[in-house]
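Colleague: Input structure: entry_11.cif, which contains mmCIF, C-alpha atoms.
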```
data_query
#
loop_
_atom_site.label_atom_id
_atom_site.label_comp_id
_atom_site.auth_asym_id
_atom_site.auth_seq_id
_atom_site.Cartn_x
_atom_site.Cartn_y
_atom_site.Cartn_z
CA MET A 1 -119.27 -46.22 -15.14
CA HIS A 2 -116.75 -47.53 -17.63
CA LYS A 3 -117.19 -46.53 -21.25
CA ILE A 4 -115.93 -48.18 -24.43
CA THR A 5 -113.09 -46.09 -25.85
CA LYS A 6 -112.04 -48.21 -28.82
CA VAL A 7 -112.73 -51.46 -30.69
CA VAL A 8 -110.09 -53.19 -32.81
CA GLY A 9 -110.75 -56.05 -35.21
CA ARG A 10 -108.10 -58.38 -36.61
CA GLN A 11 -107.85 -61.54 -38.68
CA VAL A 12 -106.57 -64.58 -36.79
CA PHE A 13 -106.85 -68.34 -37.47
CA ASP A 14 -109.07 -71.12 -36.17
CA SER A 15 -108.30 -74.79 -35.42
CA ARG A 16 -108.72 -75.78 -39.07
CA GLY A 17 -106.17 -73.16 -40.11
CA ASN A 18 -108.86 -70.94 -41.63
CA PRO A 19 -109.10 -67.17 -41.04
CA THR A 20 -111.54 -65.96 -38.41
CA VAL A 21 -112.44 -62.71 -36.65
CA GLU A 22 -110.95 -61.46 -33.40
CA ALA A 23 -112.22 -58.33 -31.64
CA GLU A 24 -110.51 -56.40 -28.87
CA VAL A 25 -112.66 -53.95 -26.92
CA PHE A 26 -111.02 -51.22 -24.84
CA SER A 27 -112.05 -49.09 -21.89
CA ASN A 28 -109.09 -46.71 -21.69
CA ASN A 29 -106.01 -48.92 -21.18
CA ILE A 30 -107.93 -52.09 -20.18
CA SER A 31 -109.11 -54.48 -22.90
CA SER A 32 -110.56 -57.94 -23.55
CA ILE A 33 -110.29 -60.18 -26.60
CA ALA A 34 -112.76 -62.66 -28.12
CA ILE A 35 -112.60 -64.85 -31.23
CA SER A 36 -115.48 -66.18 -33.37
CA PRO A 37 -115.54 -69.92 -34.11
CA SER A 38 -116.76 -71.45 -37.39
CA GLY A 39 -118.85 -74.54 -38.18
CA ALA A 40 -118.51 -77.17 -40.92
CA SER A 41 -121.91 -78.85 -40.60
CA THR A 42 -124.14 -75.77 -40.52
CA GLY A 43 -127.88 -75.22 -40.40
CA THR A 44 -129.63 -73.26 -43.16
CA PHE A 45 -131.08 -70.81 -40.65
CA GLU A 46 -127.84 -69.90 -38.89
CA ALA A 47 -126.43 -66.38 -38.85
CA PHE A 48 -124.25 -65.83 -41.91
CA GLU A 49 -120.46 -65.66 -41.82
CA LYS A 50 -118.89 -62.66 -43.51
CA ARG A 51 -116.00 -63.84 -45.68
CA ASP A 52 -114.07 -62.21 -48.52
CA ILE A 53 -115.21 -64.71 -51.14
CA TYR A 54 -113.35 -62.90 -53.96
CA ASN A 55 -110.00 -62.68 -52.17
CA LYS A 56 -108.02 -65.41 -53.93
CA LYS A 57 -104.99 -64.89 -51.67
CA TYR A 58 -106.92 -66.71 -48.93
CA LEU A 59 -109.05 -68.88 -51.25
CA GLY A 60 -112.10 -66.74 -50.49
CA LYS A 61 -111.92 -67.46 -46.75
CA SER A 62 -110.33 -64.28 -45.37
CA VAL A 63 -112.28 -61.94 -43.07
CA PHE A 64 -110.67 -58.58 -43.82
CA LYS A 65 -114.07 -57.04 -44.63
CA SER A 66 -115.30 -58.04 -41.17
CA VAL A 67 -112.19 -56.51 -39.64
CA GLU A 68 -112.82 -53.30 -41.59
CA ILE A 69 -116.45 -53.20 -40.41
CA ILE A 70 -115.31 -53.54 -36.79
CA ASN A 71 -112.60 -50.89 -37.11
CA LYS A 72 -114.59 -48.33 -39.11
CA LYS A 73 -118.29 -48.85 -38.35
CA ILE A 74 -118.76 -50.79 -35.12
CA SER A 75 -116.01 -48.93 -33.26
CA LYS A 76 -117.74 -45.60 -34.01
CA LYS A 77 -121.21 -46.92 -33.17
CA ILE A 78 -120.38 -48.34 -29.75
CA LYS A 79 -117.71 -45.85 -28.66
CA ASN A 80 -118.74 -44.11 -25.41
CA GLN A 81 -121.35 -46.79 -24.66
CA PHE A 82 -121.26 -48.14 -21.10
CA VAL A 83 -119.37 -51.44 -21.11
CA HIS A 84 -121.80 -53.08 -18.68
CA ASN A 85 -124.85 -52.38 -20.87
CA GLN A 86 -124.55 -55.61 -22.91
CA GLU A 87 -128.14 -55.57 -24.16
CA LYS A 88 -127.90 -52.04 -25.55
CA ILE A 89 -124.55 -52.72 -27.25
CA ASP A 90 -125.84 -55.97 -28.78
CA HIS A 91 -128.97 -54.16 -29.95
CA ILE A 92 -126.75 -51.59 -31.71
CA LEU A 93 -124.92 -54.47 -33.46
CA ILE A 94 -128.22 -56.13 -34.46
CA LYS A 95 -129.60 -52.83 -35.79
CA LEU A 96 -126.38 -52.06 -37.66
CA ASP A 97 -126.79 -55.31 -39.58
CA GLY A 98 -130.57 -55.05 -39.93
CA THR A 99 -131.15 -58.51 -41.43
CA LYS A 100 -132.72 -61.63 -39.94
CA GLN A 101 -129.60 -63.79 -40.35
CA LYS A 102 -126.96 -61.06 -40.09
CA SER A 103 -126.14 -61.36 -43.77
CA LYS A 104 -125.00 -57.73 -44.05
CA ILE A 105 -122.09 -57.51 -41.59
CA GLY A 106 -121.96 -61.17 -40.53
CA GLY A 107 -122.69 -63.07 -37.33
CA ASN A 108 -118.97 -63.78 -36.97
CA THR A 109 -118.35 -60.01 -36.95
CA THR A 110 -121.02 -59.17 -34.36
CA LEU A 111 -120.19 -62.14 -32.13
CA ALA A 112 -116.50 -61.37 -31.67
CA VAL A 113 -117.41 -57.85 -30.51
CA SER A 114 -120.32 -59.02 -28.34
CA MET A 115 -118.23 -61.63 -26.49
CA ALA A 116 -115.33 -59.21 -26.02
CA VAL A 117 -117.71 -56.67 -24.43
CA LYS A 118 -119.01 -59.35 -22.04
CA LYS A 119 -115.47 -60.33 -21.07
CA LEU A 120 -114.43 -56.70 -20.55
CA SER A 121 -117.45 -56.03 -18.35
CA ALA A 122 -116.54 -58.93 -16.05
CA LYS A 123 -112.89 -57.85 -16.00
CA LEU A 124 -113.75 -54.27 -15.01
CA ARG A 125 -116.14 -55.52 -12.32
CA LYS A 126 -113.32 -57.77 -11.09
CA ILE A 127 -115.44 -60.91 -11.14
CA PRO A 128 -114.90 -64.23 -12.96
CA LEU A 129 -116.67 -64.36 -16.34
CA TYR A 130 -118.99 -67.20 -15.23
CA LYS A 131 -120.46 -64.93 -12.54
CA SER A 132 -121.63 -62.39 -15.14
CA PHE A 133 -124.37 -64.44 -16.84
CA LEU A 134 -127.77 -65.60 -15.50
CA LEU A 135 -126.92 -67.28 -12.18
CA LYS A 136 -125.99 -65.30 -9.09
CA ASN A 137 -125.05 -68.27 -6.87
CA ASN A 138 -125.23 -72.09 -6.61
CA TYR A 139 -122.96 -72.58 -9.61
CA LYS A 140 -122.68 -76.13 -10.95
CA LEU A 141 -120.31 -77.80 -13.40
CA PRO A 142 -121.64 -79.29 -16.67
CA TYR A 143 -121.14 -82.89 -17.78
CA PRO A 144 -118.91 -83.13 -20.86
CA LEU A 145 -120.38 -84.68 -24.00
CA MET A 146 -117.03 -85.88 -25.26
CA ASN A 147 -116.55 -86.73 -28.92
CA ILE A 148 -114.41 -89.89 -29.21
CA ILE A 149 -115.09 -91.14 -32.76
CA ASN A 150 -115.60 -88.74 -35.69
CA GLY A 151 -117.57 -89.45 -38.84
CA GLY A 152 -119.66 -87.50 -41.36
CA SER A 153 -118.28 -84.12 -42.41
CA HIS A 154 -115.78 -84.13 -39.52
CA ALA A 155 -113.75 -87.06 -40.89
CA ASN A 156 -112.70 -88.79 -44.11
CA ASN A 157 -113.92 -92.26 -43.16
CA GLY A 158 -117.15 -93.99 -44.20
CA LEU A 159 -119.13 -93.43 -41.00
CA ARG A 160 -122.58 -91.92 -41.58
CA ILE A 161 -123.09 -90.57 -38.05
CA GLN A 162 -121.02 -87.46 -37.44
CA GLU A 163 -120.12 -87.83 -33.76
CA PHE A 164 -119.96 -90.77 -31.38
CA MET A 165 -119.68 -89.35 -27.88
CA ILE A 166 -119.45 -90.48 -24.27
CA ARG A 167 -120.94 -88.78 -21.21
CA PRO A 168 -119.56 -89.70 -17.77
CA ASP A 169 -122.93 -89.90 -16.00
CA GLY A 170 -121.45 -91.53 -12.90
CA ALA A 171 -118.96 -88.71 -12.20
CA LYS A 172 -119.33 -86.86 -8.90
CA SER A 173 -117.04 -83.99 -9.90
CA PHE A 174 -115.83 -82.38 -13.11
CA SER A 175 -112.27 -83.53 -12.54
CA GLU A 176 -113.57 -87.08 -12.10
CA SER A 177 -115.60 -86.78 -15.31
CA LEU A 178 -112.39 -85.95 -17.20
CA ARG A 179 -110.53 -88.86 -15.59
CA MET A 180 -113.28 -91.25 -16.67
CA CYS A 181 -113.23 -89.94 -20.24
CA PHE A 182 -109.43 -90.04 -20.26
CA LEU A 183 -109.47 -93.76 -19.43
CA VAL A 184 -112.05 -94.64 -22.08
CA ILE A 185 -110.26 -92.60 -24.76
CA ASN A 186 -106.87 -94.11 -24.04
CA ASN A 187 -108.27 -97.65 -24.02
CA LEU A 188 -110.12 -96.90 -27.25
CA ARG A 189 -106.81 -95.79 -28.80
CA LYS A 190 -105.23 -99.13 -27.86
CA ILE A 191 -108.19 -101.11 -29.26
CA ILE A 192 -108.15 -99.18 -32.56
CA LYS A 193 -104.38 -99.53 -32.87
CA LYS A 194 -104.57 -103.28 -32.16
CA LYS A 195 -106.98 -103.61 -35.10
CA GLY A 196 -104.37 -102.03 -37.36
CA LEU A 197 -106.45 -98.88 -37.83
CA SER A 198 -105.28 -95.27 -37.72
CA THR A 199 -105.45 -93.39 -34.43
CA SER A 200 -105.34 -89.99 -36.15
CA VAL A 201 -108.01 -87.55 -35.04
CA GLY A 202 -110.71 -85.55 -36.81
CA ASP A 203 -111.66 -81.88 -36.58
CA GLU A 204 -112.97 -82.19 -33.02
CA GLY A 205 -110.25 -84.44 -31.63
CA GLY A 206 -112.08 -87.76 -31.81
CA PHE A 207 -110.51 -90.75 -33.56
CA ALA A 208 -111.31 -91.13 -37.24
CA PRO A 209 -110.57 -94.80 -38.05
CA MET A 210 -111.35 -96.02 -41.55
CA ILE A 211 -114.51 -97.94 -40.68
CA ASN A 212 -117.87 -97.77 -42.44
CA SER A 213 -120.43 -99.15 -39.99
CA ASN A 214 -122.10 -97.20 -37.18
CA GLU A 215 -122.47 -100.43 -35.21
CA GLU A 216 -118.76 -101.19 -35.60
CA ALA A 217 -117.94 -97.80 -34.06
CA LEU A 218 -120.41 -98.40 -31.23
CA LYS A 219 -118.92 -101.83 -30.49
CA LEU A 220 -115.43 -100.29 -30.25
CA ILE A 221 -116.76 -97.78 -27.72
CA LEU A 222 -118.57 -100.49 -25.73
CA LYS A 223 -115.35 -102.47 -25.46
CA SER A 224 -113.33 -99.43 -24.37
CA ILE A 225 -115.91 -98.62 -21.66
CA SER A 226 -115.77 -102.20 -20.38
CA VAL A 227 -111.94 -102.41 -20.46
CA SER A 228 -111.84 -99.14 -18.47
CA GLY A 229 -113.83 -100.82 -15.68
CA PHE A 230 -117.07 -98.90 -16.25
CA ILE A 231 -120.65 -100.00 -16.87
CA ASN A 232 -122.22 -98.76 -20.12
CA GLY A 233 -125.44 -96.82 -19.53
CA LYS A 234 -124.63 -96.25 -15.86
CA ASP A 235 -121.07 -94.95 -15.33
CA ILE A 236 -120.58 -93.91 -18.95
CA SER A 237 -123.33 -93.33 -21.51
CA ILE A 238 -123.04 -93.30 -25.29
CA CYS A 239 -124.43 -90.23 -27.09
CA LEU A 240 -124.73 -89.49 -30.82
CA ASP A 241 -124.74 -86.48 -33.11
CA VAL A 242 -126.26 -87.71 -36.37
CA ALA A 243 -126.23 -84.40 -38.30
CA ALA A 244 -129.12 -85.76 -40.39
CA ASN A 245 -129.20 -82.71 -42.69
CA GLU A 246 -126.25 -84.27 -44.51
CA LEU A 247 -128.05 -87.62 -44.87
CA TYR A 248 -131.49 -86.49 -46.09
CA LYS A 249 -132.69 -86.92 -49.68
CA ASN A 250 -136.16 -87.19 -51.24
CA LYS A 251 -137.79 -87.30 -47.78
CA LYS A 252 -135.68 -90.34 -46.85
CA TYR A 253 -132.57 -90.90 -44.71
CA SER A 254 -129.30 -92.77 -45.25
CA ILE A 255 -128.24 -92.72 -41.59
CA HIS A 256 -127.80 -96.40 -40.82
CA SER A 257 -126.27 -97.29 -44.21
CA LYS A 258 -126.00 -95.79 -47.70
CA LYS A 259 -129.49 -97.12 -48.40
CA LEU A 260 -132.27 -94.53 -48.14
CA LEU A 261 -134.99 -95.41 -45.62
CA SER A 262 -138.36 -93.86 -44.78
CA THR A 263 -138.84 -91.94 -41.52
CA GLU A 264 -140.70 -94.92 -40.02
CA GLN A 265 -137.86 -97.32 -40.90
CA THR A 266 -135.26 -94.82 -39.64
CA ILE A 267 -137.06 -94.45 -36.29
CA LYS A 268 -137.26 -98.25 -35.97
CA LYS A 269 -133.49 -98.48 -36.48
CA TYR A 270 -132.89 -95.72 -33.91
CA VAL A 271 -135.02 -97.57 -31.34
CA GLN A 272 -132.97 -100.73 -31.97
CA LEU A 273 -129.68 -98.83 -31.49
CA ILE A 274 -130.95 -97.17 -28.29
CA LYS A 275 -131.92 -100.55 -26.84
CA LYS A 276 -128.81 -102.44 -27.96
CA PHE A 277 -126.20 -99.85 -26.94
CA LYS A 278 -128.12 -98.04 -24.14
CA ILE A 279 -127.80 -94.72 -25.97
CA LYS A 280 -128.85 -91.76 -23.80
CA SER A 281 -128.75 -88.82 -26.21
CA ILE A 282 -129.28 -88.27 -29.96
CA GLU A 283 -128.63 -84.92 -31.60
CA ASP A 284 -130.19 -83.93 -34.93
CA PRO A 285 -131.75 -87.35 -35.71
CA PHE A 286 -133.75 -85.75 -38.54
CA SER A 287 -133.45 -82.87 -40.99
CA GLU A 288 -133.90 -79.22 -39.93
CA ASN A 289 -137.28 -78.81 -41.69
CA ASP A 290 -138.69 -82.31 -41.13
CA TRP A 291 -140.70 -81.24 -38.05
CA SER A 292 -143.18 -84.14 -38.21
CA SER A 293 -140.41 -86.77 -38.02
CA TRP A 294 -139.00 -85.15 -34.89
CA SER A 295 -142.44 -85.23 -33.22
CA ASP A 296 -143.03 -88.84 -34.29
CA PHE A 297 -139.68 -89.84 -32.82
CA MET A 298 -140.40 -88.06 -29.53
CA ASN A 299 -143.70 -89.95 -29.25
CA LYS A 300 -142.05 -93.35 -29.79
CA ILE A 301 -139.11 -93.24 -27.40
CA ASP A 302 -138.59 -93.24 -23.65
CA SER A 303 -138.93 -89.70 -22.27
CA LYS A 304 -135.60 -90.17 -20.44
CA ILE A 305 -133.72 -90.24 -23.78
CA GLN A 306 -132.26 -86.83 -24.60
CA ILE A 307 -133.28 -85.61 -28.07
CA VAL A 308 -131.21 -82.57 -28.99
CA GLY A 309 -132.03 -79.94 -31.60
CA ASP A 310 -129.03 -78.22 -33.20
CA ASP A 311 -129.60 -77.52 -36.91
CA LEU A 312 -133.30 -77.67 -36.04
CA TYR A 313 -133.09 -74.62 -33.75
CA VAL A 314 -129.78 -72.87 -34.60
CA THR A 315 -129.99 -71.02 -31.25
CA ASN A 316 -132.99 -69.12 -32.63
CA LEU A 317 -135.88 -68.15 -30.33
CA GLU A 318 -138.51 -68.32 -33.06
CA ARG A 319 -137.52 -71.85 -34.10
CA LEU A 320 -137.22 -73.02 -30.49
CA ASN A 321 -140.73 -71.81 -29.78
CA LYS A 322 -142.01 -73.83 -32.76
CA GLY A 323 -140.12 -76.90 -31.53
CA PHE A 324 -141.60 -76.50 -28.06
CA LEU A 325 -145.15 -76.26 -29.43
CA ASN A 326 -144.59 -79.27 -31.74
CA ASN A 327 -142.92 -81.43 -29.06
CA SER A 328 -139.95 -81.80 -31.41
CA SER A 329 -137.26 -82.42 -28.77
CA ASN A 330 -136.48 -82.04 -25.08
CA SER A 331 -133.04 -80.40 -25.36
CA ILE A 332 -131.29 -77.71 -27.36
CA LEU A 333 -127.67 -77.23 -28.41
CA ILE A 334 -126.49 -73.66 -27.87
CA LYS A 335 -123.94 -72.17 -30.28
CA LEU A 336 -123.22 -68.47 -29.97
CA ASN A 337 -122.21 -68.01 -33.60
CA GLN A 338 -125.51 -69.45 -34.85
CA ILE A 339 -127.27 -66.27 -33.69
CA GLY A 340 -124.41 -63.74 -33.41
CA THR A 341 -124.70 -61.95 -30.04
CA VAL A 342 -124.48 -62.86 -26.36
CA THR A 343 -127.84 -61.21 -25.56
CA GLU A 344 -129.78 -63.22 -28.15
CA THR A 345 -128.07 -66.42 -26.98
CA LEU A 346 -129.08 -65.79 -23.36
CA GLU A 347 -132.68 -65.11 -24.40
CA VAL A 348 -132.80 -68.55 -26.05
CA ILE A 349 -131.33 -70.22 -22.95
CA LYS A 350 -133.84 -68.51 -20.65
CA PHE A 351 -136.78 -69.60 -22.82
CA ALA A 352 -135.40 -73.15 -23.09
CA HIS A 353 -135.21 -73.46 -19.30
CA LEU A 354 -138.73 -72.09 -18.88
CA ALA A 355 -139.94 -74.69 -21.41
CA GLY A 356 -138.23 -77.48 -19.46
CA PHE A 357 -135.52 -78.07 -22.07
CA LYS A 358 -131.96 -79.05 -21.20
CA THR A 359 -129.35 -76.68 -22.62
CA ILE A 360 -126.00 -77.95 -23.94
CA ILE A 361 -123.38 -75.28 -24.61
CA SER A 362 -121.36 -76.16 -27.69
CA HIS A 363 -118.14 -75.39 -29.53
CA ARG A 364 -117.81 -75.48 -33.33
CA SER A 365 -115.65 -77.78 -35.45
CA GLY A 366 -113.52 -74.77 -36.42
CA ASP A 367 -112.82 -73.47 -32.92
CA THR A 368 -110.17 -71.42 -31.15
CA GLU A 369 -108.31 -71.05 -27.86
CA ASP A 370 -111.18 -68.84 -26.57
CA THR A 371 -112.81 -70.43 -23.48
CA PHE A 372 -115.93 -68.23 -23.35
CA ILE A 373 -118.31 -71.20 -23.61
CA SER A 374 -116.88 -72.85 -20.47
CA ASP A 375 -117.82 -69.87 -18.33
CA MET A 376 -121.16 -69.54 -20.11
CA ALA A 377 -122.05 -73.18 -19.39
CA VAL A 378 -121.54 -72.63 -15.65
CA GLY A 379 -123.08 -69.15 -15.57
CA THR A 380 -126.29 -70.19 -17.36
CA ASN A 381 -126.91 -73.40 -15.37
CA SER A 382 -126.48 -75.50 -18.52
CA ASN A 383 -126.03 -79.10 -17.47
CA GLN A 384 -123.81 -80.23 -20.37
CA ILE A 385 -120.99 -78.89 -22.51
CA LYS A 386 -119.91 -80.18 -25.90
CA SER A 387 -116.31 -79.30 -26.62
CA GLY A 388 -114.85 -82.21 -28.57
CA SER A 389 -112.44 -84.84 -27.33
CA LEU A 390 -109.64 -84.76 -24.78
CA SER A 391 -107.13 -83.82 -27.48
CA ARG A 392 -106.35 -80.75 -29.61
CA SER A 393 -105.56 -77.71 -27.51
CA GLU A 394 -108.57 -75.66 -28.68
CA ARG A 395 -110.84 -78.40 -27.24
CA VAL A 396 -108.86 -79.11 -24.08
CA ALA A 397 -108.68 -75.35 -23.32
CA LYS A 398 -112.42 -75.41 -22.54
CA TYR A 399 -112.06 -78.37 -20.16
CA ASN A 400 -109.04 -76.79 -18.47
CA GLN A 401 -111.06 -73.62 -17.83
CA LEU A 402 -113.80 -75.71 -16.20
CA LEU A 403 -111.17 -77.34 -13.97
CA ARG A 404 -110.10 -73.84 -12.87
CA ILE A 405 -113.70 -72.89 -12.13
CA GLU A 406 -114.17 -76.11 -10.16
CA GLU A 407 -111.07 -75.31 -8.12
CA GLU A 408 -112.27 -71.75 -7.48
CA LEU A 409 -115.68 -72.98 -6.27
CA GLY A 410 -113.92 -75.37 -3.89
CA ASN A 411 -116.25 -77.13 -1.45
CA LYS A 412 -119.26 -75.50 -3.15
CA SER A 413 -118.43 -77.23 -6.43
CA LYS A 414 -121.12 -79.66 -7.58
CA MET A 415 -122.06 -81.33 -10.85
CA ASN A 416 -125.31 -80.25 -12.50
CA LYS A 417 -128.26 -82.66 -12.78
CA LEU A 418 -128.71 -84.69 -15.94
#
```
Once more with this new file: its structure as structure tokens, please.
Modeller:
Amino acid sequence: MHKITKVVGRQVFDSRGNPTVEAEVFSNNISSIAISPSGASTGTFEAFEKRDIYNKKYLGKSVFKSVEIINKKISKKIKNQFVHNQEKIDHILIKLDGTKQKSKIGGNTTLAVSMAVKKLSAKLRKIPLYKSFLLKNNYKLPYPLMNIINGGSHANNGLRIQEFMIRPDGAKSFSESLRMCFLVINNLRKIIKKKGLSTSVGDEGGFAPMINSNEEALKLILKSISVSGFINGKDISICLDVAANELYKNKKYSIHSKKLLSTEQTIKKYVQLIKKFKIKSIEDPFSENDWSSWSDFMNKIDSKIQIVGDDLYVTNLERLNKGFLNNSSNSILIKLNQIGTVTETLEVIKFAHLAGFKTIISHRSGDTEDTFISDMAVGTNSNQIKSGSLSRSERVAKYNQLLRIEEELGNKSKMNKL
């Protein structure tokens, strides 16, 4: 059995140019590296990030304390532990922190170490990372939920909704799904440019044109789907991430315009958008604590529409259980850094599948070149992955890894069911 001989932490940088934590775990002269991502639109109940808020040299964003914790505390605690005993190692990390939201040593600190251990275990067993999760065979590729127009806290335009995405529902292979998205994105670029708008991209690689209306953004996407030779709602489906936490005030929502509307009025507007634009998935349509609005929405829409909880659940088993009992949604977004260890993340995925929920493995807006989530999507039988647009190397890296997995699976390669 291979034992951990050393753990090294270091400060590196994420896709927004902010410091983040990298951990390298060793078993003698063999090692694996993992990097923690960071979110912009975060849920209140997420695991905390450990940052050096008083270090003015990095504007309070450095992670040298996290690095010190890894090098001095975590390295000692998990040294001589068996690399393949992920649950025990993660339990040591959880116990070392001792708080519900990892506010003592930080979820970014624990996650970098946890992912690096998982990678090292697969490396030492000489198997691909995706074969080290929940599935033992019959691996399937996830459909990409590809962000093509950015709004909200991911862009500087006037769009209320944070992400306008496409999902290539008609694709028969992962490589075909990327080709379909590629065509729509490139045609969208031409349409935006023709209107005299900027084709610069936001944090997650989607275009961030200076437009203010959700419907205007949706019409641009409809046109790009049509010009690409696809049928909206069949070949390509439109999906939204509202990030309603940012648009909630005095028990009302300003999602569809700057005007605050009641839950009932907001639901009515959602139903109109779903019908008009054949929208197939809506993430975070309501605030993280507005449980009754989620349930009301679920009761008023077609059961085939995917309602995704992100800030609502924050990859937390306790909150997911509440959502299941309340009929709050039918899908969950999975973000490793919301909970802080691989083991806790897998527990949430297992429960979600038992409850009949779809699981969507997700990046963060401040991401890195680490492709861990690509392997995890395949290895946990998650039928979708959310990794931004087909631009910015930290986003494309995840899609490229899935292309490699598809190639490795060869004739056995199939797309998951939606």
Colleague: List as a list in words the protein and nucleic acid residues near Ser114 in chain A, meaning an atom at most 9 Å away when all atoms listed in the file are counted, but skip any in the same chain fewer than 2 places from it.
Modeller: Ala23, Ala34, Gln86, Ile89, Asp90, Leu93, Thr109, Thr110, Leu111, Ala112, Ala116, Val117, Lys118, Lys119, Gly340, Thr341, Val342 and Thr343 of chain A
Colleague: Next, the residues of the selection above should be written as a CSV table (one decimal), in the coordinates of the input with C-alpha atoms.
Modeller:
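Output contents, as saved in out_24.csv:
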```
chain,number,residue,atom,x,y,z
A,23,ALA,CA,-112.2,-58.3,-31.6
A,34,ALA,CA,-112.8,-62.7,-28.1
A,86,GLN,CA,-124.6,-55.6,-22.9
A,89,ILE,CA,-124.6,-52.7,-27.2
A,90,ASP,CA,-125.8,-56.0,-28.8
A,93,LEU,CA,-124.9,-54.5,-33.5
A,109,THR,CA,-118.4,-60.0,-37.0
A,110,THR,CA,-121.0,-59.2,-34.4
A,111,LEU,CA,-120.2,-62.1,-32.1
A,112,ALA,CA,-116.5,-61.4,-31.7
A,116,ALA,CA,-115.3,-59.2,-26.0
A,117,VAL,CA,-117.7,-56.7,-24.4
A,118,LYS,CA,-119.0,-59.4,-22.0
A,119,LYS,CA,-115.5,-60.3,-21.1
A,340,GLY,CA,-124.4,-63.7,-33.4
A,341,THR,CA,-124.7,-62.0,-30.0
A,342,VAL,CA,-124.5,-62.9,-26.4
A,343,THR,CA,-127.8,-61.2,-25.6
```
Colleague: Rank nothing, just name the residue among A:Ser413, A:Ser329, A:Asn55, A:Asn150 nearest to Asn212 in chain A, using all atoms listed in the file.
Modeller: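 With all atoms listed in the file as the atom set, the closest residue is A:Asn150.
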Colleague: Skipping near chain neighbours, those fewer than 2 positions away, what residues fall within 12 Å of Lys275 in chain A using only C-alpha atoms, listed as JSON, numbers by chain?
Modeller: {"A": [232, 233, 238, 268, 269, 270, 271, 272, 273, 277, 278, 279, 280, 301, 302, 305]}
Colleague: So the first atom is CA of Lys304 in chain A and the second is CA of Asp290 in chain A; what is the distance between them in Å, to one decimal place?
Modeller: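 Answer for the CA of Lys304 in chain A to CA of Asp290 in chain A separation: 22.3 Å.
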Colleague: Fewer than 5 positions away in the same chain doesn't count, so skip those; otherwise give me all residues within 12 Å of Lys102 in chain A, counting only C-alpha atoms, as a ChimeraX atom specification.
Modeller: /A:45-50,93-97,107-111,337-341
Colleague: Could you pull out every residue with an atom within 8 Å of (-131.6, -73.4, -29.4), file coordinates, counting only C-alpha atoms, and send them as a VMD selection string?
Modeller: chain A and resid 309 to 310 313 to 317 319 to 320 332 to 335 348 to 349 352 359
Colleague: Write out the residues from the selection above, keeping C-alpha atoms, as a PDB file, keeping the file's coordinate frame.
Modeller:
```pdb
ATOM      1  CA  GLY A 309    -132.030 -79.940 -31.600  1.00  0.00           C
ATOM      2  CA  ASP A 310    -129.030 -78.220 -33.200  1.00  0.00           C
ATOM      3  CA  TYR A 313    -133.090 -74.620 -33.750  1.00  0.00           C
ATOM      4  CA  VAL A 314    -129.780 -72.870 -34.600  1.00  0.00           C
ATOM      5  CA  THR A 315    -129.990 -71.020 -31.250  1.00  0.00           C
ATOM      6  CA  ASN A 316    -132.990 -69.120 -32.630  1.00  0.00           C
ATOM      7  CA  LEU A 317    -135.880 -68.150 -30.330  1.00  0.00           C
ATOM      8  CA  ARG A 319    -137.520 -71.850 -34.100  1.00  0.00           C
ATOM      9  CA  LEU A 320    -137.220 -73.020 -30.490  1.00  0.00           C
ATOM     10  CA  ILE A 332    -131.290 -77.710 -27.360  1.00  0.00           C
ATOM     11  CA  LEU A 333    -127.670 -77.230 -28.410  1.00  0.00           C
ATOM     12  CA  ILE A 334    -126.490 -73.660 -27.870  1.00  0.00           C
ATOM     13  CA  LYS A 335    -123.940 -72.170 -30.280  1.00  0.00           C
ATOM     14  CA  VAL A 348    -132.800 -68.550 -26.050  1.00  0.00           C
ATOM     15  CA  ILE A 349    -131.330 -70.220 -22.950  1.00  0.00           C
ATOM     16  CA  ALA A 352    -135.400 -73.150 -23.090  1.00  0.00           C
ATOM     17  CA  THR A 359    -129.350 -76.680 -22.620  1.00  0.00           C
TER      18      THR A 359
END
```
Colleague: Considering only C-alpha atoms, can you say which of A:Leu247, A:Ile33, A:Ala122, A:Ile148 comes closest to Val201 in chain A?
Modeller: A:Ile148
Colleague: Any idea what the distance is between CA of Phe26 in chain A and CA of Asn85 in chain A?
Modeller: 14.4 Å
